[in-house]
>>> print(open('protein_26.cif').read())   # mmCIF, C-alpha atoms
data_entry
#
loop_
_atom_site.label_atom_id
_atom_site.label_comp_id
_atom_site.auth_asym_id
_atom_site.auth_seq_id
_atom_site.Cartn_x
_atom_site.Cartn_y
_atom_site.Cartn_z
CA MET A 1 -77.59 150.03 -133.26
CA GLU A 2 -79.59 152.61 -135.18
CA ILE A 3 -78.04 155.22 -137.45
CA LEU A 4 -78.89 158.84 -136.74
CA ASN A 5 -77.97 161.75 -139.04
CA VAL A 6 -77.48 164.85 -136.94
CA LYS A 7 -76.63 168.38 -138.11
CA VAL A 8 -74.40 170.35 -135.74
CA GLU A 9 -72.64 173.73 -135.80
CA GLU A 10 -69.03 173.83 -137.04
CA GLU A 11 -67.84 174.68 -133.52
CA ILE A 12 -69.46 171.53 -132.04
CA LYS A 13 -67.96 169.38 -134.77
CA GLU A 14 -64.50 170.81 -134.03
CA LYS A 15 -64.90 170.19 -130.30
CA LEU A 16 -65.90 166.58 -130.96
CA GLU A 17 -62.85 166.13 -133.19
CA ARG A 18 -60.64 167.55 -130.44
CA LEU A 19 -62.00 165.01 -127.96
CA VAL A 20 -61.41 162.16 -130.41
CA LYS A 21 -57.88 163.41 -131.04
CA ARG A 22 -57.32 163.46 -127.28
CA ARG A 23 -58.55 159.84 -127.31
CA ALA A 24 -61.37 160.59 -124.92
CA TYR A 25 -63.56 158.71 -127.43
CA LYS A 26 -62.80 156.33 -130.28
CA ASN A 27 -64.64 158.45 -132.83
CA LYS A 28 -67.24 161.26 -133.11
CA SER A 29 -70.07 158.76 -133.25
CA GLU A 30 -69.03 157.21 -129.92
CA ALA A 31 -68.57 160.67 -128.39
CA VAL A 32 -72.11 161.77 -129.28
CA ARG A 33 -73.54 158.40 -128.21
CA LYS A 34 -71.84 158.45 -124.80
CA MET A 35 -72.78 162.08 -124.18
CA LEU A 36 -76.42 161.38 -124.98
CA GLU A 37 -76.41 158.31 -122.71
CA GLU A 38 -74.86 160.31 -119.86
CA HIS A 39 -77.36 163.14 -120.32
CA PHE A 40 -80.35 160.78 -120.31
CA ASN A 41 -79.04 158.99 -117.21
CA GLU A 42 -78.47 162.25 -115.38
CA HIS A 43 -81.91 163.62 -116.27
CA PRO A 44 -84.56 160.90 -115.80
CA GLU A 45 -87.07 163.73 -115.23
CA LEU A 46 -87.05 164.33 -119.00
CA PHE A 47 -89.10 161.14 -119.35
CA ALA A 48 -91.08 161.38 -116.11
CA SER A 49 -94.26 162.56 -117.85
CA ASP A 50 -94.14 159.63 -120.34
CA ASP A 51 -93.77 157.25 -117.42
CA LEU A 52 -96.63 158.97 -115.59
CA GLU A 53 -98.90 158.49 -118.58
CA GLU A 54 -98.22 154.74 -118.69
CA ILE A 55 -98.57 154.37 -114.91
CA THR A 56 -101.88 156.25 -115.00
CA GLU A 57 -103.14 153.75 -117.57
CA GLU A 58 -102.06 150.94 -115.24
CA ALA A 59 -103.92 152.60 -112.37
CA ASP A 60 -107.01 152.78 -114.63
CA LYS A 61 -106.83 149.03 -115.16
CA MET A 62 -106.58 148.26 -111.42
CA THR A 63 -110.01 147.19 -110.15
CA ASP A 64 -111.37 148.49 -106.82
CA GLU A 65 -111.04 144.98 -105.37
CA GLN A 66 -107.37 144.74 -106.42
CA PHE A 67 -106.73 148.23 -105.09
CA GLU A 68 -108.32 147.55 -101.70
CA LYS A 69 -106.42 144.27 -101.41
CA ILE A 70 -103.10 146.02 -102.06
CA ALA A 71 -104.04 148.85 -99.66
CA ALA A 72 -104.89 146.40 -96.86
CA GLU A 73 -101.57 144.61 -97.43
CA VAL A 74 -99.49 147.79 -97.67
CA PHE A 75 -101.07 149.54 -94.65
CA LYS A 76 -101.23 146.39 -92.50
CA GLY A 77 -99.21 146.56 -89.30
CA PRO A 78 -99.15 147.58 -85.65
CA LYS A 79 -99.10 151.30 -86.38
CA THR A 80 -102.44 153.05 -86.78
CA ALA A 81 -103.27 155.21 -89.80
CA ALA A 82 -102.88 158.25 -87.54
CA GLU A 83 -99.38 157.12 -86.49
CA LEU A 84 -98.35 156.44 -90.09
CA VAL A 85 -99.45 159.91 -91.16
CA ALA A 86 -97.92 161.51 -88.04
CA GLU A 87 -94.52 160.03 -88.98
CA GLY A 88 -94.62 162.18 -92.10
CA ARG A 89 -95.46 165.18 -89.89
CA GLY A 90 -92.20 164.71 -88.04
CA ARG A 91 -93.64 162.95 -84.98
CA MET B 1 -122.41 168.78 -88.84
CA ARG B 2 -122.79 167.14 -92.24
CA GLN B 3 -119.84 169.04 -93.65
CA PHE B 4 -116.45 168.37 -92.12
CA TYR B 5 -112.71 168.73 -92.59
CA MET B 6 -111.17 165.29 -93.14
CA ASP B 7 -107.69 164.67 -91.80
CA THR B 8 -105.42 162.44 -93.88
CA ASN B 9 -105.48 159.62 -91.34
CA VAL B 10 -109.26 159.23 -91.65
CA PHE B 11 -108.92 158.69 -95.38
CA ILE B 12 -106.13 156.11 -94.85
CA ALA B 13 -107.98 154.36 -91.99
CA GLN B 14 -110.89 153.32 -94.26
CA LEU B 15 -108.38 151.27 -96.29
CA LYS B 16 -106.67 149.70 -93.28
CA PRO B 17 -108.88 146.91 -91.84
CA ASP B 18 -106.66 146.55 -88.74
CA ASP B 19 -107.00 150.23 -87.81
CA PRO B 20 -108.93 151.09 -84.62
CA TYR B 21 -111.03 153.59 -86.63
CA TYR B 22 -111.49 151.36 -89.70
CA LEU B 23 -115.24 150.82 -89.31
CA GLU B 24 -115.98 154.46 -88.54
CA ALA B 25 -113.74 155.69 -91.39
CA LYS B 26 -115.41 153.22 -93.76
CA THR B 27 -118.83 154.45 -92.65
CA ILE B 28 -117.76 158.04 -93.24
CA ALA B 29 -116.43 157.19 -96.74
CA GLN B 30 -119.67 155.39 -97.59
CA GLN B 31 -121.76 158.31 -96.37
CA ILE B 32 -119.72 160.67 -98.54
CA GLN B 33 -120.30 158.44 -101.56
CA ASP B 34 -124.02 158.42 -100.78
CA ASN B 35 -123.95 162.26 -100.63
CA GLU B 36 -125.14 162.21 -97.04
CA ILE B 37 -122.12 164.14 -95.79
CA GLN B 38 -119.39 166.25 -97.43
CA ALA B 39 -115.66 166.34 -96.80
CA GLU B 40 -113.19 169.14 -97.34
CA THR B 41 -109.48 168.89 -96.76
CA SER B 42 -106.20 170.61 -97.49
CA VAL B 43 -104.11 170.07 -100.59
CA LEU B 44 -101.54 168.89 -98.02
CA THR B 45 -103.66 165.76 -97.64
CA LEU B 46 -102.91 164.88 -101.25
CA VAL B 47 -99.18 165.11 -100.56
CA GLU B 48 -99.42 163.23 -97.25
CA THR B 49 -101.45 160.48 -98.92
CA ALA B 50 -98.88 160.13 -101.70
CA SER B 51 -96.11 160.06 -99.11
CA VAL B 52 -97.76 157.41 -96.91
CA ALA B 53 -98.57 155.24 -99.94
CA SER B 54 -95.09 155.46 -101.35
CA ARG B 55 -93.28 154.92 -98.01
CA LEU B 56 -95.49 152.08 -96.86
CA TYR B 57 -95.53 150.29 -100.20
CA HIS B 58 -91.74 150.49 -100.34
CA ALA B 59 -91.44 148.98 -96.84
CA SER B 60 -94.08 146.26 -97.45
CA LYS B 61 -93.59 142.72 -98.76
CA ARG B 62 -94.84 143.93 -102.14
CA GLY B 63 -92.16 146.61 -102.07
CA GLU B 64 -89.46 144.02 -101.40
CA LYS B 65 -90.23 142.56 -104.82
CA GLY B 66 -89.22 145.92 -106.28
CA ASN B 67 -92.46 146.37 -108.24
CA ASN B 68 -92.08 150.08 -108.83
CA ARG B 69 -94.80 150.28 -111.46
CA GLU B 70 -97.39 148.79 -109.11
CA ARG B 71 -96.25 151.17 -106.34
CA LYS B 72 -96.79 154.16 -108.62
CA ALA B 73 -100.11 152.86 -109.98
CA PHE B 74 -101.30 152.20 -106.42
CA THR B 75 -100.36 155.74 -105.35
CA ILE B 76 -102.22 157.26 -108.31
CA LYS B 77 -105.29 155.13 -107.63
CA LEU B 78 -105.18 156.16 -103.97
CA LEU B 79 -105.01 159.86 -104.89
CA ARG B 80 -107.88 159.38 -107.31
CA ARG B 81 -109.96 157.76 -104.56
CA LEU B 82 -109.20 160.72 -102.29
CA THR B 83 -110.29 163.24 -104.91
CA THR B 84 -113.57 161.41 -105.49
CA LEU B 85 -114.31 161.53 -101.75
CA THR B 86 -113.45 165.17 -101.22
CA THR B 87 -115.63 168.02 -102.41
CA ARG B 88 -113.05 170.75 -101.95
CA PHE B 89 -109.31 171.00 -101.40
CA ILE B 90 -108.19 174.05 -99.46
CA HIS B 91 -105.43 175.69 -101.49
CA ILE B 92 -102.21 177.08 -100.14
CA ALA B 93 -102.05 179.63 -102.96
CA GLY B 94 -102.40 183.36 -102.52
CA ASP B 95 -100.22 186.32 -101.84
CA SER B 96 -101.40 188.36 -98.89
CA PRO B 97 -99.41 190.60 -96.55
CA ILE B 98 -98.24 188.88 -93.37
CA ALA B 99 -100.61 189.47 -90.46
CA VAL B 100 -97.78 190.50 -88.16
CA ARG B 101 -97.18 194.23 -88.48
CA SER B 102 -93.63 195.42 -89.22
CA ILE B 103 -92.67 192.15 -90.92
CA LYS B 104 -92.58 193.01 -94.58
CA THR B 105 -93.40 190.03 -96.70
CA ASN B 106 -96.31 188.49 -98.53
CA LEU B 107 -97.34 184.89 -98.15
CA PRO B 108 -100.27 182.54 -98.83
CA GLU B 109 -103.24 183.00 -96.50
CA ILE B 110 -102.90 179.50 -95.01
CA PHE B 111 -99.28 180.22 -94.06
CA ASN B 112 -100.46 183.43 -92.44
CA GLU B 113 -103.03 181.50 -90.41
CA ALA B 114 -100.39 178.92 -89.48
CA ILE B 115 -98.04 181.62 -88.16
CA ILE B 116 -100.86 183.14 -86.09
CA LEU B 117 -101.69 179.68 -84.71
CA SER B 118 -98.03 179.11 -83.81
CA LEU B 119 -98.20 182.22 -81.62
CA GLN B 120 -101.22 180.77 -79.83
CA THR B 121 -100.01 177.22 -79.24
CA PRO B 122 -96.89 175.12 -79.86
CA LEU B 123 -97.37 172.69 -82.77
CA ARG B 124 -95.27 171.17 -85.53
CA THR B 125 -95.32 172.68 -89.02
CA PHE B 126 -97.64 170.16 -90.72
CA ASP B 127 -100.03 170.19 -87.74
CA LEU B 128 -100.16 173.98 -87.94
CA MET B 129 -100.84 173.81 -91.67
CA HIS B 130 -103.76 171.40 -91.28
CA LEU B 131 -105.34 173.39 -88.47
CA ALA B 132 -104.81 176.60 -90.43
CA ALA B 133 -106.47 175.01 -93.48
CA ALA B 134 -109.42 173.87 -91.35
CA LYS B 135 -109.77 177.34 -89.79
CA HIS B 136 -109.61 178.92 -93.23
CA ALA B 137 -112.15 176.41 -94.58
CA LYS B 138 -114.52 177.30 -91.76
CA GLN B 139 -114.22 181.01 -92.58
CA MET B 140 -115.02 180.25 -96.22
CA ASN B 141 -117.78 177.77 -95.41
CA PRO B 142 -119.66 178.36 -92.12
CA GLU B 143 -121.45 175.02 -92.62
CA LEU B 144 -118.20 173.19 -91.92
CA ALA B 145 -118.79 171.83 -88.44
CA ALA B 146 -115.98 169.46 -87.50
CA PHE B 147 -112.33 168.62 -87.95
CA VAL B 148 -112.37 164.82 -87.98
CA THR B 149 -109.08 163.14 -87.12
CA GLY B 150 -107.64 160.01 -85.55
CA ASP B 151 -104.50 161.89 -84.53
CA GLY B 152 -103.78 161.37 -80.82
CA GLU B 153 -102.00 164.72 -80.48
CA PHE B 154 -104.98 166.67 -81.85
CA LEU B 155 -107.52 164.61 -79.92
CA SER B 156 -105.67 164.92 -76.59
CA ARG B 157 -105.71 168.73 -77.00
CA LYS B 158 -109.07 169.02 -78.72
CA GLN B 159 -110.66 171.45 -76.22
CA GLU B 160 -107.79 173.92 -76.49
CA LEU B 161 -107.39 173.54 -80.27
CA SER B 162 -111.13 173.66 -81.02
CA LYS B 163 -111.33 177.06 -79.35
CA ILE B 164 -108.41 178.36 -81.39
CA ILE B 165 -109.62 177.18 -84.80
CA LYS B 166 -113.30 177.70 -83.94
CA ILE B 167 -114.34 174.27 -85.13
CA ALA B 168 -115.02 171.09 -83.14
CA ILE B 169 -112.25 168.48 -83.24
CA LEU B 170 -113.72 164.98 -83.22
CA SER B 171 -112.44 161.42 -83.60
CA PRO B 172 -114.05 159.37 -86.40
CA LYS B 173 -116.06 157.53 -83.72
CA GLU B 174 -117.28 160.76 -82.13
CA TYR B 175 -118.27 162.10 -85.55
CA VAL B 176 -120.15 158.94 -86.51
CA ASP B 177 -121.89 158.95 -83.11
CA ALA B 178 -122.70 162.67 -83.32
CA LEU B 179 -124.41 162.16 -86.68
CA GLY B 180 -126.07 158.96 -85.54
CA LEU B 181 -124.60 157.13 -88.52
CA LYS B 182 -124.99 153.41 -88.62
CA GLN B 183 -121.65 151.65 -89.05
CA ARG B 184 -121.31 149.67 -92.28
#
>>> encode(input="protein_26.cif", output="structure tokens")
Amino acid sequence: MEILNVKVEEEIKEKLERLVKRRAYKNKSEAVRKMLEEHFNEHPELFASDDLEEITEEADKMTDEQFEKIAAEVFKGPKTAAELVAEGRGR
Amino acid sequence: MRQFYMDTNVFIAQLKPDDPYYLEAKTIAQQIQDNEIQAETSVLTLVETASVASRLYHASKRGEKGNNRERKAFTIKLLRRLTTLTTRFIHIAGDSPIAVRSIKTNLPEIFNEAIILSLQTPLRTFDLMHLAAAKHAKQMNPELAAFVTGDGEFLSRKQELSKIIKIAILSPKEYVDALGLKQR
């Protein structure tokens, strides 16, 4: 695990101490760690743009041949393109 | 006739070799790339394309492997292909007063058109939006001569709908034939 030095307001520090006292967490370090983990899990959108950047790079690397092969595989099936699109139009 | 409104299904069909309009859609895409014809469409087509790609990839054998990164990269590449084929995307933006008197609200012009169309003929929301976008595109660009679609609902009612939106509704085959394009 990495060590992080974080400055917080007195009020936050007191609240953390109250939670530790109540045994909600073993110590302040665990409290902050768990809260950060929960926040990141609940808000994946915070990192969506990073992800998008990496995925865009992957799309750049995909050749036209690879792309058309995937498209043919993905769209293959008894339904026509019009029927596939119409499904999204609520038909 | 060389400028047309491209429905989402025409764009998808050129990437689906087992589609009944595959050859015609491929010919149309090639002609666009060669600058022989020009396509316009709605920004809705971008969303529909992303939706079809994401849904279909997820349900495909590739999707079963849970390759989320490839699914996302494929969707982005598909959207990029669409933007290279389309000269103009009809926007939904705007803030104009509703065309129906006594209803006090402002809304984007395309929504206005869609509401007017709904009073003329019964259609689902997305169908109304596409037809409204095509009608709006025609008003902005008189050279736009056809709404090209593989959609059975539109094609079965093309005479009625063409009159309403003031633009010919053609299947990809009819469009290719009308222009005398040689299939690739």
>>> interface_residues(input="protein_26.cif", of="chain B", to="chain A", cutoff="9 Å", atoms="all atoms listed in the file", output="VMD selection string")
chain B and resid 8 to 13 15 to 21 48 to 49 51 to 53 56 to 63 69 to 70 72 to 78 124 to 127 149 to 152
>>> atom_distance(input="protein_26.cif", atom1="atom CA of B:Ser54", atom2="atom CA of B:Asp34")
29.1 Å
>>> atom_distance(input="protein_26.cif", atom1="atom CA of A:Ala31", atom2="atom CA of A:Leu4")
13.4 Å
>>> resolve_selection(input="protein_26.cif", expression="the PyMOL selection byres ((chain B and resi 141) around 12)", output="list of chain:residue names")
B:Gln3, B:Phe4, B:Tyr5, B:Gln38, B:Ala39, B:Glu40, B:Arg88, B:Ile90, B:Ala133, B:Ala134, B:Lys135, B:His136, B:Ala137, B:Lys138, B:Gln139, B:Met140, B:Pro142, B:Glu143, B:Leu144, B:Ala145, B:Ala146, B:Ile167
>>> atom_distance(input="protein_26.cif", atom1="atom CA of B:Ile115", atom2="atom CA of B:Ile103")
12.1 Å
>>> closest_residue(input="protein_26.cif", among="B:Lys104, B:Arg2, B:Glu24, B:Ile32", to="B:Glu174", atoms="only C-alpha atoms")
B:Glu24
>>> resolve_selection(input="protein_26.cif", expression="the PyMOL selection byres ((chain A and resi 10-21) around 12)", output="PyMOL selection string")
chain A and resi 6-9+22-35
>>> resolve_selection(input="protein_26.cif", expression="the PyMOL selection byres ((chain B and resi 108) around 7)", output="VMD selection string")
chain B and resid 92 to 96 107 109 to 112
>>> decode(input="protein_26.cif", residues="stretch 8-42 of chain B", atoms="C-alpha atoms", output="short mmCIF file (atom, residue, chain, number, x, y, z; two decimals), in the first residue's frame")
data_model
loop_
_atom_site.label_atom_id
_atom_site.label_comp_id
_atom_site.auth_asym_id
_atom_site.auth_seq_id
_atom_site.Cartn_x
_atom_site.Cartn_y
_atom_site.Cartn_z
CA THR B 8 -29.24 4.54 -40.04
CA ASN B 9 -30.06 1.13 -41.50
CA VAL B 10 -28.40 1.99 -44.82
CA PHE B 11 -25.17 2.78 -43.02
CA ILE B 12 -25.35 -0.49 -41.03
CA ALA B 13 -26.33 -2.56 -44.11
CA GLN B 14 -23.03 -1.81 -45.90
CA LEU B 15 -21.24 -3.59 -43.04
CA LYS B 16 -23.59 -6.59 -42.95
CA PRO B 17 -22.80 -8.94 -45.87
CA ASP B 18 -25.93 -11.04 -45.21
CA ASP B 19 -28.26 -8.03 -45.47
CA PRO B 20 -30.66 -7.89 -48.44
CA TYR B 21 -29.44 -4.33 -49.18
CA TYR B 22 -25.74 -5.04 -48.58
CA LEU B 23 -24.60 -4.58 -52.19
CA GLU B 24 -26.64 -1.43 -52.74
CA ALA B 25 -25.55 0.06 -49.39
CA LYS B 26 -21.93 -0.77 -50.19
CA THR B 27 -22.29 0.89 -53.59
CA ILE B 28 -23.78 3.98 -51.95
CA ALA B 29 -20.92 4.13 -49.39
CA GLN B 30 -18.34 3.78 -52.16
CA GLN B 31 -19.99 6.52 -54.21
CA ILE B 32 -19.92 8.81 -51.18
CA GLN B 33 -16.21 8.12 -50.71
CA ASP B 34 -15.64 8.89 -54.38
CA ASN B 35 -17.52 12.21 -53.92
CA GLU B 36 -20.09 11.18 -56.51
CA ILE B 37 -22.99 11.57 -54.07
CA GLN B 38 -23.46 13.24 -50.68
CA ALA B 39 -25.25 12.02 -47.58
CA GLU B 40 -26.86 13.97 -44.79
CA THR B 41 -28.44 12.47 -41.72
CA SER B 42 -29.68 13.31 -38.25
#
